[in-house]
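**Q** Provided below: run.txt, containing compact mmCIF, C-alpha atoms.
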# COMPACT_ATOMS: atom_id res chain seq x y z
CA MET A 29 0.00 0.00 0.00
CA SER A 30 1.43 3.35 -0.98
CA LYS A 31 2.03 6.20 1.44
CA ARG A 32 -0.58 8.27 -0.36
CA THR A 33 -3.26 5.55 0.10
CA ARG A 34 -2.38 5.17 3.78
CA ASP A 35 -2.62 8.93 4.28
CA LYS A 36 -6.06 9.03 2.59
CA LYS A 37 -7.34 6.18 4.78
CA LYS A 38 -5.95 7.87 7.85
CA ALA A 39 -7.61 11.16 6.87
CA ARG A 40 -10.99 9.41 6.29
CA ARG A 41 -10.72 7.63 9.65
CA LYS A 42 -9.92 10.91 11.38
CA LYS A 43 -12.85 12.61 9.65
CA ARG A 44 -15.25 9.82 10.83
CA GLN A 45 -13.93 10.12 14.38
CA ASP A 46 -14.36 13.89 14.31
CA ARG A 47 -17.96 13.51 13.08
CA LYS A 48 -18.74 10.99 15.82
CA GLN A 49 -17.19 13.28 18.41
CA ALA A 50 -19.22 16.25 17.14
CA GLN A 51 -22.44 14.20 17.43
CA LYS A 52 -21.80 13.35 21.07
CA VAL A 53 -23.61 15.59 23.51
CA THR A 54 -21.61 16.26 26.60
CA VAL A 55 -23.26 17.22 29.85
CA GLN A 56 -21.01 19.41 31.89
CA GLU A 57 -20.84 18.49 35.56
CA PRO A 58 -22.38 21.29 37.61
CA SER A 59 -20.26 22.90 40.23
CA LEU A 60 -22.43 22.24 43.25
CA ASP A 61 -21.34 22.50 46.86
CA LEU A 62 -21.96 18.97 48.11
CA ALA A 63 -20.09 19.23 51.40
CA PRO A 64 -22.11 17.89 54.34
CA SER A 65 -23.08 20.46 56.93
CA SER A 66 -22.83 23.35 54.50
CA PRO A 67 -23.89 26.62 56.15
CA THR A 68 -27.61 27.29 55.99
CA LEU A 69 -29.02 30.61 54.87
CA ARG A 70 -32.59 29.97 56.02
CA ASP A 71 -34.54 28.33 58.85
CA CYS A 72 -36.92 25.36 58.63
CA ASP A 73 -39.60 27.54 60.29
CA GLY A 74 -42.07 24.67 60.70
CA CYS A 75 -41.25 22.80 57.50
CA ARG A 76 -40.91 19.04 58.10
CA GLU A 77 -41.26 17.68 54.55
CA CYS A 78 -37.92 15.85 54.80
CA CYS A 79 -39.34 13.92 57.80
CA THR A 80 -42.17 12.66 55.60
CA GLY A 81 -40.57 12.49 52.15
CA LEU A 82 -37.26 10.79 52.83
CA ALA A 83 -36.44 7.29 54.07
CA ILE A 84 -34.62 6.90 57.38
CA GLU A 85 -32.80 3.58 57.34
CA GLU A 86 -31.97 3.57 61.06
CA LEU A 87 -35.70 3.79 61.85
CA ASP A 88 -36.83 1.46 59.03
CA LYS A 89 -38.89 4.37 57.70
CA PRO A 90 -39.55 4.19 53.93
CA ASP A 91 -39.91 7.20 51.63
CA PHE A 92 -43.24 9.05 51.82
CA HIS A 93 -44.26 7.79 55.27
CA SER A 94 -44.53 10.03 58.31
CA CYS A 95 -41.81 9.58 60.87
CA GLU A 96 -43.08 8.23 64.17
CA HIS A 97 -40.97 10.85 65.98
CA GLU A 98 -42.40 13.83 64.12
CA CYS A 99 -44.37 16.06 66.49
CA GLU A 100 -45.86 19.55 66.56
CA THR A 101 -42.56 21.12 67.56
CA GLY A 102 -40.53 19.15 65.01
CA CYS A 103 -38.68 16.01 66.10
CA SER A 104 -39.30 14.40 69.49
CA ILE A 105 -35.83 12.76 69.42
CA TYR A 106 -33.95 15.68 67.87
CA ASP A 107 -30.99 15.48 70.28
CA ASP A 108 -30.69 11.72 69.67
CA ARG A 109 -31.81 11.68 66.03
CA PRO A 110 -30.29 9.12 63.63
CA GLN A 111 -27.11 9.87 61.70
CA SER A 112 -28.95 10.10 58.36
CA CYS A 113 -31.09 12.91 59.80
CA ARG A 114 -28.03 14.66 61.23
CA VAL A 115 -26.16 14.73 57.90
CA PHE A 116 -29.14 15.57 55.68
CA ASP A 117 -28.57 18.88 53.89
CA CYS A 118 -31.75 20.60 52.80
CA GLU A 119 -30.95 22.41 49.57
CA TRP A 120 -33.65 24.99 50.26
CA LEU A 121 -32.01 25.82 53.61
CA LYS A 122 -28.69 26.24 51.78
CA GLY A 123 -30.18 28.89 49.48
CA LEU A 124 -31.75 27.04 46.55
CA THR A 125 -33.58 29.43 44.23
CA ALA A 126 -35.39 29.33 40.89
CA PRO A 127 -35.88 32.26 38.51
CA GLY A 128 -39.26 33.95 38.80
CA VAL A 129 -40.20 32.34 42.13
CA ALA A 130 -39.90 33.92 45.58
CA ALA A 131 -37.58 31.96 47.88
CA LYS A 132 -40.34 31.51 50.49
CA ASP A 133 -42.52 29.85 47.83
CA LEU A 134 -39.83 27.22 47.15
CA ARG A 135 -39.79 25.96 50.74
CA PRO A 136 -40.43 22.19 50.58
CA ASP A 137 -43.67 22.28 52.59
CA LYS A 138 -45.02 24.95 50.22
CA THR A 139 -43.93 23.29 46.94
CA GLY A 140 -44.38 19.67 48.01
CA LEU A 141 -40.93 18.95 46.58
CA VAL A 142 -37.90 18.04 48.71
CA PRO A 143 -34.74 18.68 46.65
CA VAL A 144 -31.69 16.52 47.33
CA VAL A 145 -28.43 16.75 45.37
CA GLN A 146 -26.32 13.61 45.22
CA ASN A 147 -23.00 12.44 43.82
CA THR A 148 -23.55 9.01 42.31
CA LYS A 149 -21.60 6.61 40.14
CA PHE A 150 -23.51 8.22 37.24
CA GLY A 151 -22.40 11.74 38.18
CA THR A 152 -24.24 14.50 40.01
CA VAL A 153 -28.04 14.24 40.05
CA TRP A 154 -30.90 16.09 41.70
CA THR A 155 -33.59 13.96 43.31
CA LEU A 156 -36.92 15.64 44.00
CA PHE A 157 -39.20 13.81 46.41
CA GLN A 158 -42.76 14.85 45.54
CA THR A 159 -44.61 14.83 48.86
CA LYS A 160 -47.79 16.45 47.52
CA GLU A 161 -49.64 15.07 44.53
CA GLY A 162 -49.27 17.25 41.44
CA ALA A 163 -46.51 19.40 42.99
CA ALA A 164 -44.29 19.05 39.91
CA GLU A 165 -47.05 20.50 37.70
CA THR A 166 -47.46 23.73 39.67
CA PHE A 167 -45.83 26.97 38.55
CA GLU A 168 -43.26 26.72 41.36
CA GLY A 169 -42.60 23.03 40.68
CA LYS A 170 -42.08 23.58 36.97
CA ALA A 171 -39.80 26.57 37.61
CA LEU A 172 -37.72 24.56 40.08
CA ILE A 173 -37.42 21.54 37.77
CA ASP A 174 -36.57 23.78 34.81
CA HIS A 175 -33.84 25.45 36.85
CA LEU A 176 -32.40 22.20 38.25
CA TYR A 177 -32.33 20.10 35.09
CA ARG A 178 -30.12 22.71 33.45
CA GLN A 179 -27.48 21.89 36.08
CA ALA A 180 -27.78 18.09 36.24
CA PRO A 181 -30.28 15.31 35.55
CA VAL A 182 -33.34 15.39 37.83
CA ILE A 183 -35.08 12.32 39.20
CA LEU A 184 -38.63 12.97 40.34
CA MET A 185 -39.79 10.45 42.95
CA THR A 186 -43.52 10.15 43.63
CA LYS A 187 -45.55 8.51 46.39
CA GLU A 188 -46.75 5.87 43.93
CA ASN A 189 -43.09 4.80 43.67
CA ARG A 190 -42.90 6.15 40.14
CA ARG A 191 -39.66 7.65 38.94
CA TRP A 192 -39.30 10.22 36.21
CA ILE A 193 -35.96 11.36 34.89
CA ILE A 194 -35.53 14.82 33.42
CA HIS A 195 -32.21 15.29 31.69
CA PRO A 196 -30.61 18.32 30.01
CA ARG A 197 -30.19 16.34 26.77
CA PHE A 198 -33.97 15.83 26.60
CA ALA A 199 -35.12 19.31 27.54
CA SER A 200 -38.74 18.88 26.48
CA VAL A 201 -39.12 15.17 27.16
CA LEU A 202 -40.10 13.45 30.39
CA LYS A 203 -39.05 9.82 30.40
CA LYS A 204 -41.03 7.54 32.70
CA ILE A 205 -38.80 5.07 34.49
CA SER A 206 -40.93 2.24 35.78
CA ASP A 207 -38.39 -0.39 36.79
CA LEU A 208 -34.85 0.89 36.48
CA THR A 209 -32.57 -0.40 39.20
CA SER A 210 -29.84 2.14 38.47
CA VAL A 211 -32.26 4.94 39.41
CA GLN A 212 -33.22 3.14 42.62
CA GLU A 213 -29.53 2.91 43.55
CA VAL A 214 -28.89 6.65 43.29
Kindly present the structure from the file in structure tokens form.

**A**
Amino acid sequence: MSKRTRDKKKARRKKRQDRKQAQKVTVQEPSLDLAPSSPTLRDCDGCRECCTGLAIEELDKPDFHSCEHECETGCSIYDDRPQSCRVFDCEWLKGLTAPGVAAKDLRPDKTGLVPVVQNTKFGTVWTLFQTKEGAAETFEGKALIDHLYRQAPVILMTKENRRWIIHPRFASVLKKISDLTSVQEV
């Protein structure tokens, strides 16, 4: 094979690789502060959606079930609460905002959405626990989801144990995930 033929083949191969590379959509990792115990900018002020929305392994409490220790003043075992409760970082408390929505209207007990940011083997994802039916369809819910999915994929968890994934690559598409173990592992 002549040098000229080899060079042509090499150029065609390079061109194909460049085309494939150009077709790939890359999702840039958001720069989110994921350090536990990050300083809070707000107060819970009566909000206890995390107590209802999130599972507490140490208490065998599944997602979307009220915690047996939840009381009118908050948590009856607050000083002795489980480790998972101690390390939970509420993103709203840390200053989460969404364009066009007042911060007070994004509080989890108002929106019915508890936002949790996680580092997973798949990268950074937002998980929204929908504690009130239809919360994701409200103005505030849509604004929050629209804001979050631009940073990282969003997994919407519902009481019916349905999972929806909203990803920046599929801006206008909601994909229903009915039985996807990788989502359950996040």

**Q** Could you list, as a VMD selection string, every residue within 12 Å of Ala130 in chain A, counting only C-alpha atoms and ignoring same-chain residues fewer than 2 positions away?

**A** chain A and resid 120 123 to 128 132 to 135 138 to 139 167 to 168 171 to 172

**Q** In Å, with one decimal, what is the gap from CA of Phe92 in chain A to CA of Cys78 in chain A?

**A** 9.1 Å

**Q** Rounded to one decimal in Å, what is the spacing between CA of Leu69 in chain A and CA of Gln179 in chain A?

**A** 20.8 Å

**Q** Between A:Ala164, A:Cys72, A:Glu119, A:Lys89, single out the one closest to Thr101 in chain A, counting all atoms listed in the file.

**A** A:Cys72

**Q** Rounded to one decimal, what separation in Å do you get between CA of Thr186 in chain A and CA of Lys160 in chain A?

**A**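 Atom-to-atom, CA of Thr186 in chain A to CA of Lys160 in chain A, that is 8.5 Å.
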
**Q** Would you please work out which residue, of A:Ala131, A:Leu176, A:Cys113, A:Ile105, is nearest to Trp154 in chain A when using all atoms listed in the file?

**A**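 For Trp154 in chain A, the nearest of the candidates is A:Leu176.
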